[in-house]
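To be precise, the following lines are start-v3.cif, and they hold mmCIF, C-alpha atoms.
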```
data_model
loop_
_atom_site.label_atom_id
_atom_site.label_comp_id
_atom_site.auth_asym_id
_atom_site.auth_seq_id
_atom_site.Cartn_x
_atom_site.Cartn_y
_atom_site.Cartn_z
CA MET A 203 81.12 120.19 101.21
CA SER A 204 83.63 120.51 104.04
CA ILE A 205 84.75 118.01 106.63
CA ASP A 206 82.69 117.87 109.82
CA HIS A 207 85.34 119.46 112.06
CA ARG A 208 83.62 118.17 115.17
CA ARG A 209 83.65 114.40 114.56
CA PRO A 210 83.55 113.32 110.93
CA SER A 211 82.04 110.01 109.91
CA ALA A 212 84.90 107.56 109.33
CA LEU A 213 85.31 103.99 108.15
CA VAL A 214 88.35 101.68 108.22
CA VAL A 215 88.93 99.76 104.98
CA MET A 216 91.56 97.02 105.11
CA GLU A 217 92.01 93.29 105.55
CA ARG A 218 90.75 92.11 108.91
CA VAL A 219 94.11 90.58 109.82
CA ALA A 220 95.78 93.96 109.23
CA PHE A 221 93.12 95.75 111.28
CA ASP A 222 93.54 93.39 114.23
CA GLN A 223 97.29 93.97 114.14
CA GLN A 224 97.22 97.74 113.73
CA PHE A 225 94.28 98.82 115.89
CA ASP A 226 94.53 97.79 119.54
CA GLU A 227 92.21 99.13 122.26
CA THR A 228 94.27 102.28 122.74
CA ARG A 229 94.21 103.20 119.06
CA LEU A 230 90.55 102.30 118.65
CA ALA A 231 89.72 104.56 121.57
CA ARG A 232 91.72 107.36 120.01
CA LEU A 233 89.96 106.87 116.68
CA GLY A 234 86.58 106.85 118.41
CA GLY A 235 87.42 110.12 120.11
CA LEU A 236 88.20 111.75 116.78
CA ALA A 237 85.46 110.38 114.53
CA ARG A 238 82.00 108.86 114.46
CA LEU A 239 82.36 105.16 113.72
CA PRO A 240 79.94 102.61 112.29
CA ASP A 241 79.41 99.06 113.47
CA PRO A 242 81.40 97.18 112.31
CA ILE A 243 84.26 99.65 112.17
CA VAL A 244 86.25 97.81 109.50
CA VAL A 245 85.29 96.42 106.08
CA ASP A 246 87.34 95.06 103.19
CA ASP A 247 84.69 95.13 100.45
CA LEU A 248 83.32 98.49 99.31
CA ASP A 249 81.14 96.78 96.72
CA ASP A 250 78.88 95.06 99.25
CA PRO A 251 75.29 96.33 98.60
CA ALA A 252 74.63 96.17 102.33
CA LEU A 253 77.10 99.03 102.83
CA ARG A 254 75.40 101.49 100.46
CA ARG A 255 73.68 103.59 103.13
CA ARG A 256 76.74 103.64 105.38
CA LEU A 257 79.05 104.63 102.54
CA GLY A 258 76.76 107.52 101.68
CA GLU A 259 77.64 109.11 105.04
CA VAL A 260 81.40 108.49 105.10
CA GLU A 261 83.64 111.55 105.09
CA VAL A 262 86.99 109.93 105.90
CA LEU A 263 88.42 106.53 105.00
CA LEU A 264 91.32 105.01 106.90
CA THR A 265 92.75 102.52 104.44
CA GLY A 266 95.40 99.84 104.65
CA TRP A 267 96.59 96.56 103.18
CA GLY A 268 93.81 94.94 101.19
CA ALA A 269 91.84 98.13 100.56
CA PRO A 270 90.46 98.29 97.00
CA CYS A 271 91.10 100.99 94.43
CA LEU A 272 88.86 104.03 94.92
CA ASP A 273 87.60 104.22 91.35
CA GLY A 274 84.69 106.24 90.02
CA ALA A 275 82.01 103.64 90.79
CA ARG A 276 83.10 103.29 94.42
CA LEU A 277 83.49 107.02 94.86
CA ASP A 278 79.95 107.51 93.55
CA ARG A 279 78.75 105.55 96.58
CA MET A 280 80.67 107.94 98.89
CA PRO A 281 79.54 111.43 97.81
CA ARG A 282 80.60 112.96 101.14
CA LEU A 283 84.14 111.49 101.09
CA ARG A 284 86.79 114.16 101.52
CA ALA A 285 89.92 112.30 102.64
CA MET A 286 91.69 108.93 102.44
CA LEU A 287 94.22 108.45 105.24
CA HIS A 288 96.38 105.44 104.40
CA CYS A 289 97.64 103.39 107.35
CA ALA A 290 100.40 101.84 105.22
CA GLY A 291 103.04 102.84 102.68
CA SER A 292 102.37 103.27 98.98
CA VAL A 293 98.91 104.52 98.00
CA ARG A 294 99.26 103.50 94.34
CA PRO A 295 96.86 100.51 94.57
CA GLN A 296 94.14 102.67 96.16
CA VAL A 297 94.18 105.93 94.18
CA SER A 298 92.65 106.63 90.77
CA GLU A 299 92.41 109.50 88.35
CA GLU A 300 88.82 109.99 89.42
CA LEU A 301 89.88 110.35 93.04
CA TRP A 302 92.31 113.12 92.11
CA ARG A 303 89.72 114.79 89.89
CA ARG A 304 87.28 115.01 92.77
CA GLY A 305 89.86 116.69 95.00
CA ILE A 306 89.87 114.03 97.69
CA ARG A 307 92.85 114.49 99.97
CA VAL A 308 95.26 111.60 100.49
CA THR A 309 97.88 110.95 103.14
CA SER A 310 100.28 108.05 103.58
CA ALA A 311 102.08 106.48 106.53
CA ALA A 312 105.08 105.75 104.31
CA GLU A 313 107.35 107.83 106.53
CA ALA A 314 106.52 105.60 109.51
CA ASN A 315 107.05 102.50 107.35
CA ALA A 316 110.45 103.83 106.28
CA ALA A 317 111.94 103.32 109.73
CA PRO A 318 112.00 99.48 109.84
CA VAL A 319 113.07 99.27 106.19
CA ALA A 320 116.04 101.55 106.86
CA GLU A 321 116.92 99.59 110.00
CA PHE A 322 116.79 96.31 108.10
CA THR A 323 118.92 97.79 105.32
CA PHE A 324 121.53 99.08 107.75
CA ALA A 325 121.75 95.65 109.36
CA ALA A 326 122.16 94.12 105.89
CA ILE A 327 124.96 96.57 105.10
CA VAL A 328 126.82 95.67 108.31
CA PHE A 329 126.37 91.95 107.66
CA ALA A 330 127.51 92.46 104.06
CA GLY A 331 130.73 94.06 105.30
CA LYS A 332 131.55 90.95 107.32
CA LYS A 333 130.02 88.65 104.64
CA ALA A 334 128.22 86.99 107.55
CA PRO A 335 125.09 85.66 105.78
CA PHE A 336 127.18 84.12 103.02
CA ILE A 337 129.80 82.50 105.22
CA ALA A 338 127.07 81.12 107.49
CA ALA A 339 125.26 79.59 104.50
CA ASP A 340 128.35 78.10 102.87
CA PRO A 341 128.54 74.37 103.61
CA GLU A 342 132.25 74.33 102.77
CA VAL A 343 133.17 76.80 105.50
CA ARG A 344 134.59 75.41 108.73
CA ARG A 345 135.60 77.36 111.81
CA ASP A 346 138.72 79.46 111.16
CA ASP A 347 138.77 78.26 107.56
CA SER A 348 140.45 81.35 106.17
CA ARG A 349 141.06 79.81 102.75
CA THR A 350 137.36 79.24 102.07
CA ILE A 351 136.27 82.53 103.62
CA ARG A 352 138.70 84.42 101.39
CA ARG A 353 136.49 83.75 98.35
CA TYR A 354 134.08 86.41 99.65
CA GLY A 355 136.64 89.22 99.71
CA GLU A 356 137.73 91.41 102.59
CA LEU A 357 135.71 91.08 105.81
CA SER A 358 135.41 94.59 107.18
CA ASN A 359 133.06 97.50 107.82
CA GLU A 360 135.84 100.04 108.20
CA GLY A 361 136.43 102.45 105.34
CA ARG A 362 133.68 100.97 103.17
CA THR A 363 132.06 102.82 100.29
CA ILE A 364 128.28 102.52 100.34
CA GLY A 365 126.23 103.41 97.27
CA VAL A 366 122.61 104.45 97.82
CA VAL A 367 120.41 104.55 94.72
CA GLY A 368 117.44 106.78 95.40
CA PHE A 369 117.42 109.54 98.01
CA SER A 370 113.93 108.52 99.08
CA ARG A 371 112.54 108.71 102.61
CA ILE A 372 114.20 105.33 103.19
CA GLY A 373 117.38 106.24 101.33
CA ARG A 374 117.79 109.35 103.48
CA ARG A 375 117.53 107.29 106.65
CA VAL A 376 120.06 104.77 105.34
CA VAL A 377 122.52 107.59 104.58
CA GLN A 378 122.17 108.76 108.17
CA LEU A 379 122.57 105.28 109.66
CA VAL A 380 125.65 104.21 107.70
CA GLN A 381 127.59 107.18 108.96
CA GLN A 382 127.92 105.28 112.24
CA LEU A 383 130.46 103.05 110.49
CA GLU A 384 134.09 104.07 110.89
CA GLY A 385 135.52 105.91 107.90
CA VAL A 386 132.55 105.19 105.65
CA THR A 387 132.05 106.98 102.34
CA CYS A 388 128.43 107.29 101.24
CA LEU A 389 127.57 108.01 97.61
CA VAL A 390 124.03 108.79 96.43
CA ALA A 391 122.65 108.58 92.90
CA ASP A 392 119.32 110.34 92.38
CA PRO A 393 118.79 112.53 89.30
CA VAL A 394 115.66 114.30 90.62
CA VAL A 395 116.98 115.43 94.03
CA ASP A 396 118.85 118.67 94.70
CA PRO A 397 122.53 117.67 95.14
CA ASP A 398 122.82 120.14 98.01
CA ASP A 399 120.21 118.15 99.96
CA ILE A 400 122.36 115.06 99.54
CA ARG A 401 125.49 116.88 100.68
CA ALA A 402 123.63 118.30 103.70
CA ALA A 403 122.84 114.73 104.75
CA GLY A 404 126.54 113.84 104.75
CA ALA A 405 126.72 112.00 101.42
CA THR A 406 128.19 112.75 98.02
CA PRO A 407 125.93 113.02 94.95
CA VAL A 408 127.22 111.14 91.90
CA PRO A 409 125.73 109.77 88.69
CA LEU A 410 124.90 106.06 88.84
CA GLY A 411 127.53 105.16 86.26
CA GLU A 412 130.25 106.85 88.33
CA MET A 413 129.04 105.23 91.54
CA LEU A 414 129.00 101.58 90.48
CA PRO A 415 132.74 100.80 90.18
CA ARG A 416 133.47 102.56 93.48
CA VAL A 417 131.15 100.83 95.92
CA ASP A 418 131.50 97.85 98.24
CA VAL A 419 127.75 97.78 98.82
CA LEU A 420 125.01 98.94 96.45
CA SER A 421 121.70 99.57 98.24
CA LEU A 422 118.56 100.24 96.19
CA HIS A 423 115.87 102.68 97.32
CA ALA A 424 114.31 103.89 94.07
CA PRO A 425 110.56 103.68 93.31
CA ALA A 426 109.13 101.16 90.87
CA LEU A 427 108.36 103.29 87.80
CA ALA A 428 108.49 102.60 84.09
CA ALA A 429 111.78 104.52 83.98
CA THR A 430 113.38 102.51 86.79
CA ARG A 431 112.39 98.99 85.74
CA GLY A 432 115.56 96.97 85.20
CA MET A 433 117.74 99.99 85.98
CA ILE A 434 120.33 97.61 87.46
CA GLY A 435 120.89 95.33 84.49
CA ALA A 436 123.77 93.30 83.12
CA ALA A 437 125.92 96.35 82.31
CA GLN A 438 125.42 97.92 85.73
CA LEU A 439 126.16 94.68 87.57
CA ALA A 440 129.27 94.13 85.47
CA ALA A 441 130.49 97.59 86.47
CA LEU A 442 130.51 96.66 90.16
CA ARG A 443 133.84 95.61 91.65
CA SER A 444 134.29 91.94 92.52
CA HIS A 445 132.87 90.91 95.92
CA ALA A 446 130.47 93.86 96.02
CA THR A 447 127.09 93.17 97.62
CA VAL A 448 123.78 94.23 96.06
CA ILE A 449 121.04 94.95 98.61
CA ASN A 450 117.45 95.40 97.47
CA THR A 451 114.79 96.38 100.01
CA ALA A 452 112.88 98.53 97.50
CA ARG A 453 111.22 96.77 94.56
CA GLY A 454 112.33 93.61 92.78
CA ALA A 455 111.71 95.10 89.34
CA LEU A 456 114.66 97.49 89.77
CA ILE A 457 117.05 94.60 89.04
CA ASP A 458 117.32 92.36 85.98
CA THR A 459 116.90 89.05 87.81
CA ALA A 460 118.50 86.91 85.11
CA ALA A 461 121.59 89.14 85.04
CA LEU A 462 121.86 89.02 88.83
CA GLU A 463 121.54 85.23 88.78
CA ARG A 464 124.46 85.00 86.35
CA GLU A 465 126.72 87.32 88.37
CA CYS A 466 125.97 85.63 91.69
CA ALA A 467 126.28 82.13 90.24
CA SER A 468 129.76 83.07 89.04
CA GLY A 469 130.68 83.98 92.62
CA ARG A 470 131.74 87.50 91.62
CA LEU A 471 128.93 89.35 93.43
CA GLN A 472 126.89 88.80 96.57
CA ALA A 473 123.28 89.82 97.15
CA ILE A 474 120.84 90.38 100.01
CA LEU A 475 117.33 90.50 98.57
CA ASP A 476 114.18 91.26 100.53
CA VAL A 477 112.27 91.84 97.28
CA THR A 478 112.56 90.02 93.96
CA ASP A 479 111.14 89.97 90.45
CA PRO A 480 108.99 87.95 90.29
CA GLU A 481 107.95 87.80 93.92
CA PRO A 482 108.32 85.16 95.11
CA LEU A 483 111.00 83.77 92.85
CA PRO A 484 110.23 80.45 91.13
CA ALA A 485 111.36 77.49 93.21
CA GLU A 486 114.04 76.61 90.65
CA SER A 487 115.80 80.00 90.88
CA VAL A 488 119.50 79.56 91.53
CA LEU A 489 119.33 82.52 93.95
CA TYR A 490 117.76 80.24 96.56
CA ARG A 491 120.67 77.81 96.41
CA LEU A 492 123.71 80.07 96.33
CA PRO A 493 125.52 80.67 99.63
CA ASN A 494 126.50 84.17 98.44
CA VAL A 495 122.82 85.21 98.23
CA MET A 496 120.39 85.78 101.09
CA VAL A 497 116.71 85.97 100.13
CA THR A 498 114.10 87.03 102.68
CA PRO A 499 110.33 87.15 102.02
CA HIS A 500 109.63 90.90 102.17
CA LEU A 501 110.50 91.23 105.85
CA ALA A 502 111.97 94.74 105.84
CA GLY A 503 108.72 96.71 105.94
CA SER A 504 106.50 97.13 108.98
CA LEU A 505 105.50 93.85 110.63
CA GLY A 506 104.04 93.00 114.02
CA SER A 507 104.22 95.84 116.53
CA GLU A 508 105.96 98.03 113.93
CA THR A 509 102.64 98.41 112.07
CA LYS A 510 101.18 100.42 114.93
CA ARG A 511 103.52 103.29 114.07
CA MET A 512 101.66 103.58 110.77
CA THR A 513 98.33 103.65 112.59
CA ASN A 514 99.64 106.43 114.84
CA SER A 515 100.69 108.40 111.79
CA ALA A 516 97.22 108.15 110.21
CA LEU A 517 95.48 109.08 113.46
CA GLU A 518 97.72 112.12 113.85
CA GLU A 519 96.79 113.17 110.32
CA LEU A 520 93.10 112.72 111.16
CA GLY A 521 93.55 115.02 114.13
CA ARG A 522 95.17 117.66 111.91
CA LEU A 523 92.43 117.31 109.31
CA ILE A 524 89.71 117.88 111.92
CA ALA A 525 91.57 120.85 113.38
CA GLY A 526 92.04 122.40 109.96
CA GLU A 527 95.82 122.17 110.28
CA PRO A 528 98.24 121.39 107.43
CA LEU A 529 98.70 117.67 106.82
CA ARG A 530 102.28 116.42 107.31
CA PHE A 531 102.24 113.51 104.90
CA GLU A 532 99.83 114.52 102.16
CA VAL A 533 100.28 112.78 98.81
CA THR A 534 99.43 114.46 95.51
CA ARG A 535 99.14 113.10 91.99
CA ASP A 536 102.43 114.82 91.09
CA ASP A 537 104.20 113.11 94.00
CA LEU A 538 103.54 109.71 92.42
CA ARG A 539 105.58 110.63 89.37
CA PHE A 540 108.77 110.06 91.38
CA SER A 541 107.76 108.05 94.43
CA ALA A 542 106.37 104.65 95.28
#
```

Could you rewrite the structure in this file as structure tokens?
Amino acid sequence: MSIDHRRPSALVVMERVAFDQQFDETRLARLGGLARLPDPIVVDDLDDPALRRRLGEVEVLLTGWGAPCLDGARLDRMPRLRAMLHCAGSVRPQVSEELWRRGIRVTSAAEANAAPVAEFTFAAIVFAGKKAPFIAADPEVRRDDSRTIRRYGELSNEGRTIGVVGFSRIGRRVVQLVQQLEGVTCLVADPVVDPDDIRAAGATPVPLGEMLPRVDVLSLHAPALAATRGMIGAAQLAALRSHATVINTARGALIDTAALERECASGRLQAILDVTDPEPLPAESVLYRLPNVMVTPHLAGSLGSETKRMTNSALEELGRLIAGEPLRFEVTRDDLRFSA
């Protein structure tokens, strides 16, 4: 059965708070112009028996934060479903083997979500160069106290070497942004990306082991996979030069937390962490108390008005789907082998 290319039946599935943030009057009007919508437009529970008749008519789901996994039982209630357009980043919590088996098309707004993460990361890199978060948090620092400040290493963004782990959609943007810094050298470690693509972006491809002792800042942008869990462990942290800063805006599980706690507690390394493992960290974690560590509660991704960019992305994909045009941000089962 094909999509109704006139105005398919659509339903929004996400937490109400996310819906209220992402769908203003303008975007609701645009959605209503593209698709036939039920009343109410948004639900967060696909198991509600009262929805059975409505779900039987749905051809397109627009999903977001809080949407449940589309497993076999839920898909059985939506026999006409042909596409899931995700108004957020990773689709891993929503997809299932049964969804792929039935040939339901999936898109993600991860590219739109990459923009604020890359911006946050670039700001963190600049702050790391000046050691600003650490000096500001150090109770022993007084104005013009050069002796105390010296413990954090050189304060400069000129001629820095930035290491990017993972040439993902966010990693690519970070590579582009850091080239604004004077005399910067950008190294990229990603074993599954064509090295020529990395060079074309203005960076140098290197193995992770070669990168670590060369960088002033190590910024992580790899997906959370079985193969990447704990990829930055005790040995990798020990390989970093003293006063290097570790930035993680990807997934907390990429770093061995205990090893990072030891290195930062010694004062040898600094860290800016927007994600942790576990998340949140236990209240007793030393990372909360160290002046050379800045921990933020998952702020880098789309928040506030930034979330509307993800809605725009999904609505543009809906327009392409109805017009029979190629989808720009389609996700396949194979894509999830190497991406978030």

Dump as a Markdown table the rows for residues of segment 220-331 of chain A within 12 Å of segment 442-449 of chain A: closest atom pair and distance in Å with one decimal, all atoms listed in the file counted, ordered by chain and rising residue number.
```
| residue | atom | partner | partner_atom | distance |
| --- | --- | --- | --- | --- |
| A:Val319 | CA | A:Ile449 | CA | 11.8 |
| A:Ala320 | CA | A:Ile449 | CA | 11.7 |
| A:Phe322 | CA | A:Ile449 | CA | 10.5 |
| A:Thr323 | CA | A:Ile449 | CA | 7.6 |
| A:Phe324 | CA | A:Ile449 | CA | 10.0 |
| A:Ala325 | CA | A:Ile449 | CA | 10.8 |
| A:Ala326 | CA | A:Ile449 | CA | 7.4 |
| A:Ile327 | CA | A:Ile449 | CA | 7.8 |
| A:Val328 | CA | A:Thr447 | CA | 11.0 |
| A:Phe329 | CA | A:Thr447 | CA | 10.1 |
| A:Ala330 | CA | A:Thr447 | CA | 6.5 |
| A:Gly331 | CA | A:Thr447 | CA | 8.5 |
```

Can you tell me how far atom CA of Leu420 of chain A sits from atom CA of Val343 of chain A, in Å to one decimal?
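Separating atom CA of Leu420 of chain A from atom CA of Val343 of chain A is a distance of 25.3 Å.
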
Neighbouring residues of segment 499-514 of chain A were defined as those with any atom within 10 Å, considering all atoms listed in the file; residues of the same chain fewer than 4 positions away were excluded. Please report them as an mmCIF file with C-alpha atoms, keeping the file's coordinate frame.
```
data_model
loop_
_atom_site.group_PDB
_atom_site.id
_atom_site.type_symbol
_atom_site.label_atom_id
_atom_site.label_comp_id
_atom_site.auth_asym_id
_atom_site.auth_seq_id
_atom_site.Cartn_x
_atom_site.Cartn_y
_atom_site.Cartn_z
ATOM 1 C CA ALA A 220 95.780 93.960 109.230
ATOM 2 C CA PHE A 221 93.120 95.750 111.280
ATOM 3 C CA GLN A 223 97.290 93.970 114.140
ATOM 4 C CA GLN A 224 97.220 97.740 113.730
ATOM 5 C CA PHE A 225 94.280 98.820 115.890
ATOM 6 C CA ASP A 226 94.530 97.790 119.540
ATOM 7 C CA ARG A 229 94.210 103.200 119.060
ATOM 8 C CA LEU A 230 90.550 102.300 118.650
ATOM 9 C CA ARG A 232 91.720 107.360 120.010
ATOM 10 C CA LEU A 233 89.960 106.870 116.680
ATOM 11 C CA LEU A 264 91.320 105.010 106.900
ATOM 12 C CA THR A 265 92.750 102.520 104.440
ATOM 13 C CA GLY A 266 95.400 99.840 104.650
ATOM 14 C CA LEU A 287 94.220 108.450 105.240
ATOM 15 C CA HIS A 288 96.380 105.440 104.400
ATOM 16 C CA CYS A 289 97.640 103.390 107.350
ATOM 17 C CA ALA A 290 100.400 101.840 105.220
ATOM 18 C CA GLY A 291 103.040 102.840 102.680
ATOM 19 C CA SER A 310 100.280 108.050 103.580
ATOM 20 C CA ALA A 311 102.080 106.480 106.530
ATOM 21 C CA ALA A 312 105.080 105.750 104.310
ATOM 22 C CA GLU A 313 107.350 107.830 106.530
ATOM 23 C CA ALA A 314 106.520 105.600 109.510
ATOM 24 C CA ASN A 315 107.050 102.500 107.350
ATOM 25 C CA ALA A 316 110.450 103.830 106.280
ATOM 26 C CA ALA A 317 111.940 103.320 109.730
ATOM 27 C CA PRO A 318 112.000 99.480 109.840
ATOM 28 C CA VAL A 319 113.070 99.270 106.190
ATOM 29 C CA ALA A 320 116.040 101.550 106.860
ATOM 30 C CA GLU A 321 116.920 99.590 110.000
ATOM 31 C CA PHE A 322 116.790 96.310 108.100
ATOM 32 C CA THR A 323 118.920 97.790 105.320
ATOM 33 C CA THR A 451 114.790 96.380 100.010
ATOM 34 C CA ALA A 452 112.880 98.530 97.500
ATOM 35 C CA ARG A 453 111.220 96.770 94.560
ATOM 36 C CA LEU A 475 117.330 90.500 98.570
ATOM 37 C CA ASP A 476 114.180 91.260 100.530
ATOM 38 C CA VAL A 477 112.270 91.840 97.280
ATOM 39 C CA THR A 478 112.560 90.020 93.960
ATOM 40 C CA GLU A 481 107.950 87.800 93.920
ATOM 41 C CA PRO A 482 108.320 85.160 95.110
ATOM 42 C CA LEU A 483 111.000 83.770 92.850
ATOM 43 C CA GLU A 518 97.720 112.120 113.850
ATOM 44 C CA GLU A 519 96.790 113.170 110.320
ATOM 45 C CA LEU A 520 93.100 112.720 111.160
#
```

Ground truth for the PyMOL selection byres ((chain A and resi 269-276) around 8), written as a PyMOL selection string:
chain A and resi 215-217+246-249+265-268+277-280+295-301

How big is the axis-aligned box around the listed atoms of segment 349-354 of chain A once 3 Å is added on each side, and where is its centre? Give both in Å to one decimal, as lines of an AutoDock Vina configuration file.
```
center_x = 137.6
center_y = 82.8
center_z = 101.0
size_x = 13.0
size_y = 13.2
size_z = 11.3
```

Compare A:Val308, A:Glu356, A:Met413, A:Pro281 by their minimum atom-to-atom distance to Val293 of chain A, counting all atoms listed in the file, and give me the closest one.
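Ranked by minimum distance to Val293 of chain A, first place goes to A:Val308.
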
Distance query Ala525 of chain A at most 9 Å, only C-alpha atoms, self and fewer than 3 positions along chain excluded, as a ChimeraX atom specification:
/A:207-208,520-522,528
